[in-house]
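Trainee: Sending over a structure as structure tokens; questions will come in a sec.
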Amino acid sequence: MNLDEALPGFVAESADLLREMEAALLNCGGGTTDPEIINLIFRSAHTIKGSAGLFGLDGIVEFVHVMETALDMVRLGKAPMSEELVSVLLRCKDHVDALLVPVATGGKVDQGLESSGAELHAELRRLTEIDGDEKVATKSASAAAPRAAAADNDWHVNVRFGAGVLTSGMDPLGFVRYLQTFCEIRQLTVLDDALPAPEEMNPEVCYLGFDMELRTASDKQAIEAAFEFIREDCTLVITQLAKAAPASVATAVTRGGSQTTEEPGKRQAASASEGAAAAAFVRVDAAKLDYLITRIGELIIAAAGANMLARRSGNGELEESTSTLSSLVEQVRESALQLRMVKIGGTFSRFQRTVRDVSRELGKEIQLVVRGEDTELDKTVVERIADPLTHLVRNAIDHGIESAEVRAAAGKPAVGTVTLNAYHDSGSIVIEVSDDGGGLKREKILAKAIERGLAEEDQSLTDSEVFGFIFEAGFSTAASVTNLSGRGVGMDVVKRNITALRGSVGIKSEEGKGTTVTVRLPLTLAIINGFQVAVGRSSFVLPLETIEECVEFAAEEGHDFANLRGKVLPFIRLRDVFATREAPARRQSIVVVKHAGERAGLVVDALLGEFQTVIKPLSKLFRNVDCISGSSILGTGEVALILDVPTLIQQAMARGRHNAATAARAGV
């Protein structure tokens, strides 16, 4: 096995195990101990230690070993899982995260980690009363040989791994490497007699075993413990050998299948189905998926060009062929995009830790409620939305939730609630961060906005517009500065990051009742179903999911609204937005678009129909241009701009309110 090639897999697997460990630790609050949860935490630590030993990562092995020992004391009922111990173990989890960083990047370990690791070990020993000398040997087998050679105990170990060992995340070689931390392996034979014919082999099923002779000062229980987490999926026989004269011999590795009288076939057959089921899941490098999506985008553009040429040729068979090709490309596109779709629950779960840490820092009791964790969206969106959501959650805890005394005086429960909710709406994903705190103070925010020149005293503003001022850079109404907030830094960055994802953010709040921040994001940033329109000689693309209908344009001269089946529809002319010089078409159309419960019309010259749109980012020169969220390449090779529907709707609504206010002042 090439260890260098396997190292990224170890880092990824360890990160998953640490996330599981953190989630389990957060369920140990209040000193309660569920044996299943404690065992899950212990297993995570044990697996990380064993795998780290395989790669010779002695620093991680030594640190996690003390964690494992402390957890074993809890498992045996010799130490309580107190709130203080949970906090220390969470810090230990963070420390292992930090130790993994140089492993992943190939950098050097921060020298400060050694002292912080020693402090955490001291805390673990104090809280669980484990021996201060508790540590694990991390030398290589060759370095440990002189000491091991003087040991009195020789052992024969025969292990046959079950078929599901590989798919459960275990590496047989890892057990050998772990045994080397406290044993001298004097002889090792690989048992391969259970291997089937090559055409019958399943690469996800383990057919191997080991026959070993060990010399160690440790007892039989220590050797058994090395195989603890596969005891149900292996056959293990450990026998003490007669005392032998000490001799320095090199480890011998041979292959064969006649060294044991055991019959593991039944166990392997029983777990073969488990291996086949687990084989349905494959871990794929995210960079490979990104490359695949990029190539599919180029394929879509090429297919569009082929379709256009086929139509121009007038060849019916060629048109039918390219139409079939386009259909297949669309199916491939949908399948590829599904590969990048992940559940947002993984992102939501990390906020359990955020709520716990921040609420303890502020001296507040707060619970986190999560809904819609199975909602899926593009992994790229998930990765980039984590930081803005973290700030919103911290802001809700710090600014939103009142102290227990204030809540009691207002007749509220002492424990505050922060709620995360996610759901799909009109081709977008909506994420809500809500709290049941004191709500935003409208008049205070408006006064601050007037003071900063963001609004005029006689200006008529909706609640949404007033609350939107908190997203201005440096805007803060906090009376004091804390470690978390009060400096006016953060909410503007939140909005900027969400806007960069082609999303929008809005706020609803009721004083004394609470606040809800609503974030709307596209499901994917790569490829969308688009609808092409024309204004003059320019082409534009609208996301298809934002379109309700298209109707013929009809409105009175000078009006910015139309009558749509008895309802007022504000509209905006795209030729005015982009200052198009060509004369308008004799028959124009209105594209009715919707976003966040609001509707508006876009007046265009021509409707060109649906097509798959590959989103290309704008250059820095055009990144801050209003009403544009990206670009795409048409089959002709021309560039079409993708319209920012939320911004256009806001402009149409704002223009309608302005005209209504002007008419009211004129007495019309």
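Going by the structure tokens order, chains are called A, B, ..., each with residues numbered from 1, while ligands are numbered from 1 in the order shown.
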With 12 Å as the cut-off and only C-alpha atoms counted, what is the closest atom pair between each nearby residue of range 458-559 of chain A and range 315-333 of chain A? Distances in Å to one decimal, ordered by chain and number, as a tab-separated table.

Mentor:
residue	atom	partner	partner_atom	distance
A:Thr524	CA	A:Arg333	CA	11.9
A:Ala526	CA	A:Arg333	CA	10.2
A:Ile527	CA	A:Arg333	CA	8.1
A:Ile528	CA	A:Arg333	CA	9.7
A:Asn529	CA	A:Glu330	CA	9.9

Trainee: If we count only C-alpha atoms, what is near range 448-450 of chain A at a cut-off of 10 Å, once residues fewer than 2 positions away on the same chain are taken out, given as a list of chain:residue names?

Mentor: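 So, after excluding close chain neighbours, the residues are A:Glu443, A:Lys444, A:Ile445, A:Leu446, A:Arg452, A:Gly453, A:Leu454, A:Ala455, A:Glu456, A:Glu457, A:Asp458, A:Gln459, A:Val466, A:Phe469, A:Ile470, A:Glu472, A:Phe475, A:Ser476, A:Thr477.
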
Trainee: Go ahead and write the selection's residues with N, CA and C atoms as a short mmCIF file (atom, residue, chain, number, x, y, z; two decimals), in the first residue's frame.

Mentor:
data_model
loop_
_atom_site.label_atom_id
_atom_site.label_comp_id
_atom_site.auth_asym_id
_atom_site.auth_seq_id
_atom_site.Cartn_x
_atom_site.Cartn_y
_atom_site.Cartn_z
N GLU A 443 -37.28 52.25 15.71
CA GLU A 443 -37.02 53.68 15.84
C GLU A 443 -35.55 53.95 16.14
N LYS A 444 -34.94 53.06 16.93
CA LYS A 444 -33.53 53.24 17.26
C LYS A 444 -32.66 53.07 16.02
N ILE A 445 -33.00 52.08 15.19
CA ILE A 445 -32.24 51.85 13.95
C ILE A 445 -32.44 53.01 12.99
N LEU A 446 -33.68 53.50 12.87
CA LEU A 446 -33.96 54.62 11.97
C LEU A 446 -33.22 55.87 12.41
N ARG A 452 -26.41 58.96 10.48
CA ARG A 452 -25.30 58.65 9.57
C ARG A 452 -25.57 59.12 8.15
N GLY A 453 -26.72 59.75 7.91
CA GLY A 453 -27.03 60.24 6.58
C GLY A 453 -27.52 59.19 5.61
N LEU A 454 -27.94 58.04 6.14
CA LEU A 454 -28.45 56.97 5.29
C LEU A 454 -29.92 57.15 4.97
N ALA A 455 -30.61 57.99 5.73
CA ALA A 455 -32.03 58.24 5.50
C ALA A 455 -32.35 59.68 5.90
N GLU A 456 -33.48 60.20 5.37
CA GLU A 456 -33.92 61.55 5.71
C GLU A 456 -35.07 61.47 6.70
N GLU A 457 -35.20 62.52 7.51
CA GLU A 457 -36.19 62.49 8.60
C GLU A 457 -37.61 62.37 8.09
N ASP A 458 -37.93 62.98 6.96
CA ASP A 458 -39.30 62.94 6.45
C ASP A 458 -39.52 61.81 5.45
N GLN A 459 -38.53 60.92 5.33
CA GLN A 459 -38.62 59.84 4.36
C GLN A 459 -39.52 58.72 4.88
N VAL A 466 -36.02 49.75 6.74
CA VAL A 466 -35.36 50.23 7.97
C VAL A 466 -34.42 49.15 8.51
N PHE A 469 -30.89 48.61 7.08
CA PHE A 469 -29.75 49.48 7.40
C PHE A 469 -28.69 48.75 8.22
N ILE A 470 -29.07 47.71 8.94
CA ILE A 470 -28.07 47.02 9.78
C ILE A 470 -27.03 46.30 8.93
N GLU A 472 -25.48 47.84 6.53
CA GLU A 472 -24.53 48.86 6.08
C GLU A 472 -23.22 48.71 6.85
N PHE A 475 -22.41 49.87 10.67
CA PHE A 475 -23.66 50.25 11.33
C PHE A 475 -23.84 49.40 12.59
N SER A 476 -24.04 50.03 13.74
CA SER A 476 -24.26 49.31 14.99
C SER A 476 -25.01 50.21 15.95
N THR A 477 -25.97 49.62 16.67
CA THR A 477 -26.69 50.35 17.72
C THR A 477 -26.34 49.81 19.10
#

Trainee: When you draw a straight line from CA of Thr216 in chain A to CA of Val157 in chain A, how long is it in Å?

Mentor: 12.3 Å

Trainee: When you count only C-alpha atoms, which of these residues is closest to Arg442 in chain A: A:His391, A:Lys508, A:His95, A:Lys220?

Mentor: A:Lys508

Trainee: From a backbone DSSP assignment, name each residue in range 227-457 of chain A labelled alpha helix (DSSP H), as a PyMOL selection string.

Mentor: chain A and resi 265-278+286-313+316-339+345-349+351-362+379-395+404-409+442-451

Trainee: For CA of Leu188 in chain A and CA of Ala163 in chain A, quote the distance in Å rounded to one decimal.

Mentor: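 Separating CA of Leu188 in chain A from CA of Ala163 in chain A is a distance of 20.7 Å.
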
Trainee: Using only C-alpha atoms, which protein or nucleic acid residues come within 7 Å of range 414-420 of chain A? Drop anything in the same chain fewer than 3 positions from it, and give the result as a list in words.

Mentor: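 Contacts, with the query itself left out: Glu365, Ile366, Gln367, Leu368, Val369, Val370, Arg371, Ile401, Ala404, Arg407, Ala408, Glu432, Val433, Ser434, Asp435 and Asp436 of chain A.
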